[in-house]
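Engineer: Pasting a structure here, questions to come.
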2 protein chains.
Amino acid sequence: MAKDNQVSITVVRRLPKYYRYLTELKEKGISRISSQELSVLTGFTASQIRQDFNNFGGFGQQGYGYNVEDLHRELKKILGLDSNYNAVIVGAGNLGQAIANYKGFEDAGFKVLSLFDRNPRVIGLKIRDIEIRDIETIDSFIKENNVQIGIITTPKESAQSVADIYVKNGIKGIWNFAPTDLVVPDNVVVEHVRLNESLFVLSYFLRAMNE
Amino acid sequence: MAKDNQVSITVVRRLPKYYRYLTELKEKGISRISSQELSVLTGFTASQIRQDFNNFGGFGQQGYGYNVEDLHRELKKILGLDSNYNAVIVGAGNLGQAIANYKGFEDAGFKVLSLFDRNPRVIGLKIRDIEIRDIETIDSFIKENNVQIGIITTPKESAQSVADIYVKNGIKGIWNFAPTDLVVPDNVVVEHVRLNESLFVLSYFLRAMNE
């Protein structure tokens, strides 16, 4: 596979969208798609789409378009979805429990091994078959299990110290839901889910439409 | 306020980030900030920041920078956060319950009036003081209440029919968590929260870092 450490974040963020459409096309039994048809589906220009895929070796054929199954498989590899990942969650409130309970992630190869919290009222409870453990036990848990992803669903005040725990224990990927920035070493990836910001974009447009 | 129907979505998506930083600065009692300092905080160039604010009238003064309280107040207005919004949620699983339970939204002026579901095992339950009602009653509920925002936390197969219910009942803003596109009239805003896509960006980088 072509070296992709030069690929910009803007391109990277489009890849899961392509993957979603390719998955639907594959489910519908469609075997072939042109960049023009993908353009209609995704809203990106055909030229942008071809450029994006060319970052990774170019999968289409002039005059043919793309083979859906091949492109789907390539995107799956590029997105790392042909691997399985173990995750833990710190913050066992509603949001943490919702993430633990979301079967769609497991179907995509992401397995939540445990939740952690400091609230004695939730420690010991189970979400499906996933236990909520005392945060005091997280270091040994991560040591004893092969955990790649640390999820943060705590209030913002606790998020950095949770990130520090993850980093200390060798976790390289953090999925953060707390509405704050995190400081981590360069070899750790943080992906933020900005729920507040998403909602505020919605209210921007509601206001703008009414004026 | 300057007419802002020409403002691009890329600018709009930066506004909540500015708002988040301005809120923290305000909480810290900082009264003044330069575009250069904002640049360090946000990661955007000082020039980009000034351009973004100029879309809305320009709030700074050459040589002075920005008054934090004024800028915060302006952003709050621009984002529509000086209004209150009523919302309903369809899909009372863990994610819907997490959204209903998230006090941060209420602090920002977004009040969830009710959840709806078709599952008899959750109908009648309460999340804090918010009831889960039978989806059959949603038309009359929206008629009798002043609801601006419809939230979708159903599986993807149901999302379009829920959007149709919202549109039919005059709701103008939809916050969608289901991993699918939605078809709505032009005068209805849809903001998607793409949890799967966020997680797949994370796995992209985990894979890329390991090769």
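Labeling convention for the structure tokens: chains A, B, ... as they appear, residues from 1 per chain, ligands from 1 in order of appearance.
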Select residues of chain A: the criterion is any atom within 6 Å of an atom of chain B, counting only C-alpha atoms; output as a list in words.

Structural biologist: Pro16, Leu79, Gly80, Asn94, Leu95, Ala98, Glu191, Glu197, Leu202, Ser203, Tyr204 and Arg207 of chain A

Engineer: For the residues selected in the previous step, produce a file with all heavy atoms as an mmCIF file, in the first residue's frame.

Structural biologist:
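What landed in selection_26.cif:
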data_model
loop_
_atom_site.group_PDB
_atom_site.id
_atom_site.type_symbol
_atom_site.label_atom_id
_atom_site.label_comp_id
_atom_site.auth_asym_id
_atom_site.auth_seq_id
_atom_site.Cartn_x
_atom_site.Cartn_y
_atom_site.Cartn_z
ATOM 1 N N PRO A 16 -14.247 7.763 6.019
ATOM 2 C CA PRO A 16 -15.342 6.981 6.610
ATOM 3 C C PRO A 16 -16.673 7.231 5.907
ATOM 4 O O PRO A 16 -17.535 6.357 5.896
ATOM 5 C CB PRO A 16 -15.406 7.492 8.064
ATOM 6 C CG PRO A 16 -14.070 8.080 8.329
ATOM 7 C CD PRO A 16 -13.642 8.659 7.017
ATOM 8 N N LEU A 79 -8.773 2.239 6.699
ATOM 9 C CA LEU A 79 -9.361 2.736 7.942
ATOM 10 C C LEU A 79 -9.004 1.850 9.135
ATOM 11 O O LEU A 79 -9.412 2.141 10.250
ATOM 12 C CB LEU A 79 -10.881 2.847 7.813
ATOM 13 C CG LEU A 79 -11.377 3.976 6.918
ATOM 14 C CD1 LEU A 79 -12.877 3.842 6.670
ATOM 15 C CD2 LEU A 79 -11.077 5.339 7.549
ATOM 16 N N GLY A 80 -8.258 0.785 8.880
ATOM 17 C CA GLY A 80 -7.865 -0.089 9.978
ATOM 18 C C GLY A 80 -8.999 -0.945 10.499
ATOM 19 O O GLY A 80 -8.928 -1.493 11.602
ATOM 20 N N ASN A 94 -24.503 8.046 31.707
ATOM 21 C CA ASN A 94 -25.346 7.632 30.581
ATOM 22 C C ASN A 94 -24.581 7.542 29.270
ATOM 23 O O ASN A 94 -24.799 6.627 28.473
ATOM 24 C CB ASN A 94 -26.497 8.618 30.385
ATOM 25 C CG ASN A 94 -27.565 8.428 31.415
ATOM 26 O OD1 ASN A 94 -27.508 9.023 32.470
ATOM 27 N ND2 ASN A 94 -28.515 7.564 31.138
ATOM 28 N N LEU A 95 -23.705 8.518 29.029
ATOM 29 C CA LEU A 95 -23.003 8.543 27.749
ATOM 30 C C LEU A 95 -22.033 7.367 27.654
ATOM 31 O O LEU A 95 -21.996 6.660 26.645
ATOM 32 C CB LEU A 95 -22.275 9.880 27.570
ATOM 33 C CG LEU A 95 -21.681 10.134 26.196
ATOM 34 C CD1 LEU A 95 -22.732 9.959 25.096
ATOM 35 C CD2 LEU A 95 -21.102 11.542 26.134
ATOM 36 N N ALA A 98 -23.979 4.320 27.096
ATOM 37 C CA ALA A 98 -24.490 4.284 25.717
ATOM 38 C C ALA A 98 -23.412 3.801 24.754
ATOM 39 O O ALA A 98 -23.673 2.989 23.856
ATOM 40 C CB ALA A 98 -24.992 5.657 25.297
ATOM 41 N N GLU A 191 -9.093 11.678 19.136
ATOM 42 C CA GLU A 191 -10.235 12.060 18.303
ATOM 43 C C GLU A 191 -11.327 12.575 19.241
ATOM 44 O O GLU A 191 -11.746 11.870 20.160
ATOM 45 C CB GLU A 191 -10.711 10.860 17.489
ATOM 46 C CG GLU A 191 -12.004 11.041 16.728
ATOM 47 C CD GLU A 191 -11.947 12.018 15.562
ATOM 48 O OE1 GLU A 191 -10.852 12.493 15.202
ATOM 49 O OE2 GLU A 191 -13.025 12.318 15.013
ATOM 50 N N GLU A 197 -20.620 21.384 20.302
ATOM 51 C CA GLU A 197 -20.353 22.196 19.110
ATOM 52 C C GLU A 197 -21.315 21.824 17.986
ATOM 53 O O GLU A 197 -21.800 22.689 17.255
ATOM 54 C CB GLU A 197 -18.885 22.056 18.692
ATOM 55 C CG GLU A 197 -17.948 22.676 19.735
ATOM 56 C CD GLU A 197 -16.464 22.568 19.418
ATOM 57 O OE1 GLU A 197 -16.113 22.361 18.237
ATOM 58 O OE2 GLU A 197 -15.661 22.712 20.365
ATOM 59 N N LEU A 202 -26.328 23.604 14.940
ATOM 60 C CA LEU A 202 -27.762 23.482 14.671
ATOM 61 C C LEU A 202 -28.491 24.757 15.097
ATOM 62 O O LEU A 202 -29.290 25.305 14.341
ATOM 63 C CB LEU A 202 -28.331 22.274 15.415
ATOM 64 C CG LEU A 202 -29.811 21.962 15.209
ATOM 65 C CD1 LEU A 202 -30.144 21.738 13.740
ATOM 66 C CD2 LEU A 202 -30.204 20.730 16.024
ATOM 67 N N SER A 203 -28.187 25.249 16.289
ATOM 68 C CA SER A 203 -28.891 26.452 16.753
ATOM 69 C C SER A 203 -28.487 27.665 15.928
ATOM 70 O O SER A 203 -29.293 28.578 15.722
ATOM 71 C CB SER A 203 -28.678 26.689 18.248
ATOM 72 O OG SER A 203 -27.337 27.015 18.532
ATOM 73 N N TYR A 204 -27.244 27.706 15.424
ATOM 74 C CA TYR A 204 -26.844 28.782 14.509
ATOM 75 C C TYR A 204 -27.795 28.839 13.321
ATOM 76 O O TYR A 204 -28.316 29.904 12.972
ATOM 77 C CB TYR A 204 -25.412 28.572 14.005
ATOM 78 C CG TYR A 204 -25.043 29.508 12.873
ATOM 79 C CD1 TYR A 204 -24.405 30.723 13.124
ATOM 80 C CD2 TYR A 204 -25.385 29.211 11.539
ATOM 81 C CE1 TYR A 204 -24.098 31.600 12.091
ATOM 82 C CE2 TYR A 204 -25.086 30.084 10.506
ATOM 83 C CZ TYR A 204 -24.447 31.276 10.787
ATOM 84 O OH TYR A 204 -24.152 32.140 9.770
ATOM 85 N N ARG A 207 -31.360 29.934 14.168
ATOM 86 C CA ARG A 207 -31.419 31.388 14.300
ATOM 87 C C ARG A 207 -31.343 32.056 12.927
ATOM 88 O O ARG A 207 -32.136 32.930 12.589
ATOM 89 C CB ARG A 207 -30.282 31.891 15.202
ATOM 90 C CG ARG A 207 -30.265 33.414 15.310
ATOM 91 C CD ARG A 207 -28.899 33.967 15.698
ATOM 92 N NE ARG A 207 -27.857 33.663 14.744
ATOM 93 C CZ ARG A 207 -27.653 34.277 13.589
ATOM 94 N NH1 ARG A 207 -28.456 35.258 13.208
ATOM 95 N NH2 ARG A 207 -26.660 33.932 12.803
#

Engineer: At a cut-off of 9 Å, using only C-alpha atoms, what residues contact range 130-140 of chain A? Leave out same-chain residues fewer than 3 positions from it and give the result as a count of residues only.

Structural biologist: 26

Engineer: Between CA of Ile89 in chain B and CA of Ile171 in chain B, measure the distance and give it in Å to one decimal.

Structural biologist: 12.2 Å

Engineer: Name the residues of range 124-205 of chain A that fall into strand (DSSP E) according to DSSP on the backbone, using the chain letters and numbers of this document, as a PyMOL selection string.

Structural biologist: chain A and resi 126-127+130-134+149-152+173-176+189-192

Engineer: With N, CA, C and O atoms retained, export the selected residues as a PDB file, in the first residue's frame.

Structural biologist:
ATOM      1  N   LYS A 126     -23.335  -3.997  35.534  1.00  0.00           N
ATOM      2  CA  LYS A 126     -22.924  -4.483  34.220  1.00  0.00           C
ATOM      3  C   LYS A 126     -23.778  -3.848  33.128  1.00  0.00           C
ATOM      4  O   LYS A 126     -24.984  -3.663  33.278  1.00  0.00           O
ATOM      5  N   ILE A 127     -23.133  -3.520  32.041  1.00  0.00           N
ATOM      6  CA  ILE A 127     -23.825  -3.074  30.829  1.00  0.00           C
ATOM      7  C   ILE A 127     -23.693  -4.230  29.843  1.00  0.00           C
ATOM      8  O   ILE A 127     -22.589  -4.542  29.404  1.00  0.00           O
ATOM      9  N   ILE A 130     -20.604  -6.259  30.156  1.00  0.00           N
ATOM     10  CA  ILE A 130     -19.409  -5.457  30.398  1.00  0.00           C
ATOM     11  C   ILE A 130     -19.503  -4.828  31.784  1.00  0.00           C
ATOM     12  O   ILE A 130     -20.473  -4.132  32.100  1.00  0.00           O
ATOM     13  N   GLU A 131     -18.466  -5.077  32.604  1.00  0.00           N
ATOM     14  CA  GLU A 131     -18.523  -4.651  33.994  1.00  0.00           C
ATOM     15  C   GLU A 131     -18.045  -3.202  34.159  1.00  0.00           C
ATOM     16  O   GLU A 131     -17.177  -2.725  33.417  1.00  0.00           O
ATOM     17  N   ILE A 132     -18.626  -2.516  35.150  1.00  0.00           N
ATOM     18  CA  ILE A 132     -18.126  -1.201  35.554  1.00  0.00           C
ATOM     19  C   ILE A 132     -17.196  -1.425  36.746  1.00  0.00           C
ATOM     20  O   ILE A 132     -17.636  -1.871  37.816  1.00  0.00           O
ATOM     21  N   ARG A 133     -15.912  -1.152  36.539  1.00  0.00           N
ATOM     22  CA  ARG A 133     -14.930  -1.387  37.576  1.00  0.00           C
ATOM     23  C   ARG A 133     -14.500  -0.083  38.246  1.00  0.00           C
ATOM     24  O   ARG A 133     -14.648   1.005  37.706  1.00  0.00           O
ATOM     25  N   ASP A 134     -13.919  -0.267  39.422  1.00  0.00           N
ATOM     26  CA  ASP A 134     -13.374   0.868  40.164  1.00  0.00           C
ATOM     27  C   ASP A 134     -12.172   1.443  39.384  1.00  0.00           C
ATOM     28  O   ASP A 134     -11.292   0.712  38.954  1.00  0.00           O
ATOM     29  N   ILE A 149      -7.541   1.370  22.685  1.00  0.00           N
ATOM     30  CA  ILE A 149      -8.318   2.617  22.663  1.00  0.00           C
ATOM     31  C   ILE A 149      -8.865   2.956  24.045  1.00  0.00           C
ATOM     32  O   ILE A 149      -9.474   2.108  24.704  1.00  0.00           O
ATOM     33  N   GLY A 150      -8.654   4.197  24.469  1.00  0.00           N
ATOM     34  CA  GLY A 150      -9.217   4.690  25.721  1.00  0.00           C
ATOM     35  C   GLY A 150     -10.297   5.712  25.413  1.00  0.00           C
ATOM     36  O   GLY A 150     -10.047   6.678  24.696  1.00  0.00           O
ATOM     37  N   ILE A 151     -11.482   5.488  25.940  1.00  0.00           N
ATOM     38  CA  ILE A 151     -12.614   6.370  25.689  1.00  0.00           C
ATOM     39  C   ILE A 151     -12.858   7.217  26.939  1.00  0.00           C
ATOM     40  O   ILE A 151     -12.787   6.704  28.059  1.00  0.00           O
ATOM     41  N   ILE A 152     -13.124   8.498  26.733  1.00  0.00           N
ATOM     42  CA  ILE A 152     -13.343   9.413  27.864  1.00  0.00           C
ATOM     43  C   ILE A 152     -14.753   9.977  27.790  1.00  0.00           C
ATOM     44  O   ILE A 152     -15.095  10.713  26.850  1.00  0.00           O
ATOM     45  N   GLY A 173      -4.532   5.447  21.363  1.00  0.00           N
ATOM     46  CA  GLY A 173      -5.664   6.114  20.723  1.00  0.00           C
ATOM     47  C   GLY A 173      -6.711   6.486  21.746  1.00  0.00           C
ATOM     48  O   GLY A 173      -7.164   5.644  22.517  1.00  0.00           O
ATOM     49  N   ILE A 174      -7.095   7.766  21.769  1.00  0.00           N
ATOM     50  CA  ILE A 174      -8.078   8.243  22.734  1.00  0.00           C
ATOM     51  C   ILE A 174      -9.284   8.799  21.999  1.00  0.00           C
ATOM     52  O   ILE A 174      -9.138   9.593  21.062  1.00  0.00           O
ATOM     53  N   TRP A 175     -10.476   8.371  22.434  1.00  0.00           N
ATOM     54  CA  TRP A 175     -11.725   8.877  21.862  1.00  0.00           C
ATOM     55  C   TRP A 175     -12.384   9.695  22.960  1.00  0.00           C
ATOM     56  O   TRP A 175     -12.857   9.144  23.957  1.00  0.00           O
ATOM     57  N   ASN A 176     -12.366  11.006  22.765  1.00  0.00           N
ATOM     58  CA  ASN A 176     -12.756  11.913  23.835  1.00  0.00           C
ATOM     59  C   ASN A 176     -14.110  12.571  23.596  1.00  0.00           C
ATOM     60  O   ASN A 176     -14.314  13.242  22.580  1.00  0.00           O
ATOM     61  N   VAL A 189      -2.896   9.441  19.470  1.00  0.00           N
ATOM     62  CA  VAL A 189      -3.937  10.080  18.667  1.00  0.00           C
ATOM     63  C   VAL A 189      -5.139  10.395  19.548  1.00  0.00           C
ATOM     64  O   VAL A 189      -5.570   9.551  20.331  1.00  0.00           O
ATOM     65  N   VAL A 190      -5.657  11.605  19.417  1.00  0.00           N
ATOM     66  CA  VAL A 190      -6.914  11.926  20.101  1.00  0.00           C
ATOM     67  C   VAL A 190      -7.962  12.299  19.069  1.00  0.00           C
ATOM     68  O   VAL A 190      -7.710  13.137  18.201  1.00  0.00           O
ATOM     69  N   GLU A 191      -9.093  11.678  19.136  1.00  0.00           N
ATOM     70  CA  GLU A 191     -10.235  12.060  18.303  1.00  0.00           C
ATOM     71  C   GLU A 191     -11.327  12.575  19.241  1.00  0.00           C
ATOM     72  O   GLU A 191     -11.746  11.870  20.160  1.00  0.00           O
ATOM     73  N   HIS A 192     -11.724  13.827  19.004  1.00  0.00           N
ATOM     74  CA  HIS A 192     -12.727  14.440  19.864  1.00  0.00           C
ATOM     75  C   HIS A 192     -14.116  14.311  19.236  1.00  0.00           C
ATOM     76  O   HIS A 192     -14.273  14.507  18.030  1.00  0.00           O
TER      77      HIS A 192
END

Engineer: With only C-alpha atoms as the counted atoms, please give the residues lying no more than 8 Å from Ser31 in chain B, apart from itself and same-chain residues fewer than 3 positions off, as an MDAnalysis selection string.

Structural biologist: chainID B and resid 25:26 67:69

Engineer: Based on DSSP run over this structure's backbone, return all residues of range 81-211 of chain B in helix (DSSP H, G or I), as a ChimeraX atom specification.

Structural biologist: /B:94-101,103-107,135-144,156-168,195-209

Engineer: Please, could you write that set of residues out with C-alpha atoms as a compact mmCIF listing (two decimals), in the first residue's frame?

Structural biologist:
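Once everything was written out, this is selection-v4.txt:
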# COMPACT_ATOMS: atom_id res chain seq x y z
CA ASN B 94 -29.08 4.29 25.81
CA LEU B 95 -28.02 7.04 23.44
CA GLY B 96 -31.37 8.83 23.55
CA GLN B 97 -31.40 8.55 27.33
CA ALA B 98 -27.85 9.88 27.48
CA ILE B 99 -28.85 12.91 25.42
CA ALA B 100 -31.92 13.49 27.61
CA ASN B 101 -29.75 13.27 30.69
CA LYS B 103 -27.35 18.67 31.72
CA GLY B 104 -24.84 20.60 29.65
CA PHE B 105 -27.42 21.07 26.91
CA GLU B 106 -29.98 22.43 29.32
CA ASP B 107 -27.44 24.91 30.66
CA ILE B 135 -44.40 7.31 19.53
CA GLU B 136 -48.08 7.16 18.55
CA THR B 137 -48.64 10.31 20.64
CA ILE B 138 -45.90 12.40 19.07
CA ASP B 139 -48.02 14.37 16.60
CA SER B 140 -50.32 15.72 19.30
CA PHE B 141 -47.40 16.32 21.67
CA ILE B 142 -45.55 18.48 19.16
CA LYS B 143 -48.77 20.35 18.33
CA GLU B 144 -49.42 21.12 21.99
CA LYS B 156 -30.66 3.86 10.84
CA GLU B 157 -33.60 1.97 9.34
CA SER B 158 -36.12 4.15 11.23
CA ALA B 159 -34.36 7.48 10.93
CA GLN B 160 -35.99 8.72 7.72
CA SER B 161 -39.52 8.00 8.92
CA VAL B 162 -38.76 9.85 12.16
CA ALA B 163 -37.45 12.79 10.14
CA ASP B 164 -40.69 12.68 8.13
CA ILE B 165 -42.71 12.88 11.36
CA TYR B 166 -40.68 15.87 12.50
CA VAL B 167 -41.01 17.68 9.17
CA LYS B 168 -44.74 16.95 8.99
CA LEU B 195 -20.11 8.64 15.77
CA ASN B 196 -19.05 5.74 13.54
CA GLU B 197 -17.10 8.04 11.25
CA SER B 198 -15.33 9.63 14.22
CA LEU B 199 -14.31 6.22 15.52
CA PHE B 200 -13.10 5.17 12.07
CA VAL B 201 -10.88 8.26 11.85
CA LEU B 202 -9.35 7.12 15.14
CA SER B 203 -8.71 3.63 13.81
CA TYR B 204 -7.22 5.12 10.62
CA PHE B 205 -4.58 6.88 12.69
CA LEU B 206 -3.96 3.87 14.92
CA ARG B 207 -3.27 1.83 11.80
CA ALA B 208 -1.21 4.55 10.13
CA MET B 209 0.96 5.00 13.22

Engineer: Interatomic distance between CA of His72 in chain B and CA of Val11 in chain B?

Structural biologist: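 Those two atoms sit 16.5 Å apart.
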